[in-house]
Amino acid sequence: MEMVQLGLFLLLGLLTGVMAGFFGIGGGMVIVPTLLLAGYSYDGAVGISVVQMACSSVVGSWSNFKKGLLDWKVGIYVGLGGLIGASFSGLILSVVPHKVLLGIFIAITIYSFWRFLFIKPSSQVSFKTLEPNSKDKGILIGIGVLTGIFAISLGIGGGVLMVSMLSYYFGLSPKQSVPLGLFFVVFSSFSGVLSLMQQDFLGPANLQGGVIVGIGSILGVMGGVRLMPLVSNAWHRRCLLGVYALSILVSIYKLF
């Protein structure tokens, strides 16, 4: 790999890492379209993105845990769902046309954006302890499975969908949903990497590229995690809504 390409990959990783720590997303909504514009195949861009997610999500989740921002007793259920859902990502990529997957993702994202947009801030608590019952556990696992199936297949991690659903169904503020979304990406990304490798979508060159982008993202995610508590709930919510809108626009552009 040339030095210029190495530097660009590290810079790309740094940017996506900051977004992962601040918004709880995998970063693929930046990586995938950027790599497509750079001439990479869709499968290659998804593979690099998923490897990067595995790096940034582990570091970001550990940082959130040390700061007391991650409720792992809740996150383990969405993580389990993500582990199951993402295990089908390689198979889905091999049998479902990319445009069909992207169309489904756009529909889900618009739906999530719409519901998240009309959540009343007064109905959310910045940090509240959840004691999920059997029904809640089933919902959390279901959210993880649904998100893992589509998100990893598209190389976008799933946090962008996870945060809105957790906020809507459980009344969590974005600041509490973001660490859970990032924790979900730990499970879904590792499961996705194994699935993509099994289906021969992730070769040595793309694996190397993903690791380099991942190294940059490790530095960025620590900055994003530190930045999030410094921003008010209102501004964080506005920024998150902006990310949803950007994700929808970029996805529609990629579709057509």
# chains A, B, ... in the order shown; residues from 1 in each chain; ligands from 1

$ residues_around --residues "Lys67 of chain A" --least-positions-apart "3" --cutoff "12 Å" --atoms "only C-alpha atoms" --output "PDB file with C-alpha atoms, in the first residue's frame"
ATOM      1  CA  GLY A  60     -15.484   2.994  22.097  1.00  0.00           C
ATOM      2  CA  SER A  61     -17.566   0.569  24.158  1.00  0.00           C
ATOM      3  CA  TRP A  62     -14.724   0.035  26.619  1.00  0.00           C
ATOM      4  CA  SER A  63     -14.359   3.803  27.004  1.00  0.00           C
ATOM      5  CA  ASN A  64     -18.116   4.180  27.546  1.00  0.00           C
ATOM      6  CA  LEU A  70     -22.859   1.863  28.991  1.00  0.00           C
ATOM      7  CA  ASP A  71     -25.646  -0.251  30.502  1.00  0.00           C
ATOM      8  CA  PRO A 179     -23.361   3.696  23.909  1.00  0.00           C
ATOM      9  CA  MET A 222     -11.799   8.008  21.930  1.00  0.00           C
ATOM     10  CA  VAL A 225     -16.617   9.444  23.416  1.00  0.00           C
ATOM     11  CA  ARG A 226     -15.016  12.355  25.299  1.00  0.00           C
ATOM     12  CA  MET A 228     -20.377  13.504  23.659  1.00  0.00           C
ATOM     13  CA  PRO A 229     -20.838  14.413  27.386  1.00  0.00           C
TER      14      PRO A 229
END

$ select_by_dssp --residues "segment 20-226 of chain A" --states "helix (DSSP H, G or I)" --output "number ranges by chain"
A: 20-23, 28-37, 42-66, 72-86, 89-95, 98-117, 121-123, 134-154, 159-170, 174-198, 204-226

$ closest_residue --among "A:Val243, A:Ile156, A:Leu140, A:Leu161" --to "Met29 of chain A" --atoms "only C-alpha atoms"
A:Ile156

$ residues_around --residues "Val100 of chain A" --least-positions-apart "6" --cutoff "12 Å" --atoms "only C-alpha atoms" --output "list in words"
Ile92, Leu93, Ile106, Ala107, Phe150, Ser153, Leu154, Ser251, Ile252, Lys254, Leu255 and Phe256 of chain A

$ closest_residue --among "A:Ile248, A:Leu15, A:Ile104, A:Ile84" --to "Phe184 of chain A" --atoms "only C-alpha atoms"
A:Ile84

$ residues_around --residues "Val193 of chain A" --least-positions-apart "2" --cutoff "8 Å" --atoms "only C-alpha atoms" --output "PDB file with N, CA and C atoms, in the first residue's frame"
ATOM      1  N   GLY A  47     -16.752  -4.705   3.056  1.00  0.00           N
ATOM      2  CA  GLY A  47     -15.803  -5.478   3.846  1.00  0.00           C
ATOM      3  C   GLY A  47     -14.860  -4.608   4.655  1.00  0.00           C
ATOM      4  N   VAL A  50     -16.781  -2.960   7.564  1.00  0.00           N
ATOM      5  CA  VAL A  50     -17.126  -3.849   8.678  1.00  0.00           C
ATOM      6  C   VAL A  50     -15.903  -4.139   9.546  1.00  0.00           C
ATOM      7  N   VAL A  51     -14.732  -4.320   8.936  1.00  0.00           N
ATOM      8  CA  VAL A  51     -13.503  -4.529   9.716  1.00  0.00           C
ATOM      9  C   VAL A  51     -13.212  -3.300  10.574  1.00  0.00           C
ATOM     10  N   SER A 189     -20.445  -6.521  14.102  1.00  0.00           N
ATOM     11  CA  SER A 189     -19.305  -6.379  13.191  1.00  0.00           C
ATOM     12  C   SER A 189     -18.432  -7.631  13.184  1.00  0.00           C
ATOM     13  N   PHE A 190     -18.162  -8.205  14.352  1.00  0.00           N
ATOM     14  CA  PHE A 190     -17.341  -9.421  14.387  1.00  0.00           C
ATOM     15  C   PHE A 190     -18.068 -10.581  13.712  1.00  0.00           C
ATOM     16  N   SER A 191     -19.370 -10.693  13.954  1.00  0.00           N
ATOM     17  CA  SER A 191     -20.152 -11.722  13.281  1.00  0.00           C
ATOM     18  C   SER A 191     -20.163 -11.487  11.774  1.00  0.00           C
ATOM     19  N   SER A 195     -18.804 -13.828   8.624  1.00  0.00           N
ATOM     20  CA  SER A 195     -19.736 -14.200   7.562  1.00  0.00           C
ATOM     21  C   SER A 195     -19.207 -13.785   6.188  1.00  0.00           C
ATOM     22  N   LEU A 196     -18.651 -12.577   6.090  1.00  0.00           N
ATOM     23  CA  LEU A 196     -18.110 -12.095   4.812  1.00  0.00           C
ATOM     24  C   LEU A 196     -16.899 -12.913   4.379  1.00  0.00           C
ATOM     25  N   MET A 197     -16.051 -13.298   5.329  1.00  0.00           N
ATOM     26  CA  MET A 197     -14.894 -14.122   5.004  1.00  0.00           C
ATOM     27  C   MET A 197     -15.334 -15.502   4.529  1.00  0.00           C
ATOM     28  N   LEU A 202     -14.365 -10.953   1.655  1.00  0.00           N
ATOM     29  CA  LEU A 202     -13.353 -10.182   2.385  1.00  0.00           C
ATOM     30  C   LEU A 202     -11.999 -10.847   2.186  1.00  0.00           C
TER      31      LEU A 202
END

$ atom_distance --atom1 "atom CA of Asp43 of chain A" --atom2 "atom CA of Leu102 of chain A"
13.1 Å

$ closest_residue --among "A:Met3, A:Leu240, A:Leu219, A:Leu37" --to "Val178 of chain A" --atoms "only C-alpha atoms"
A:Leu240
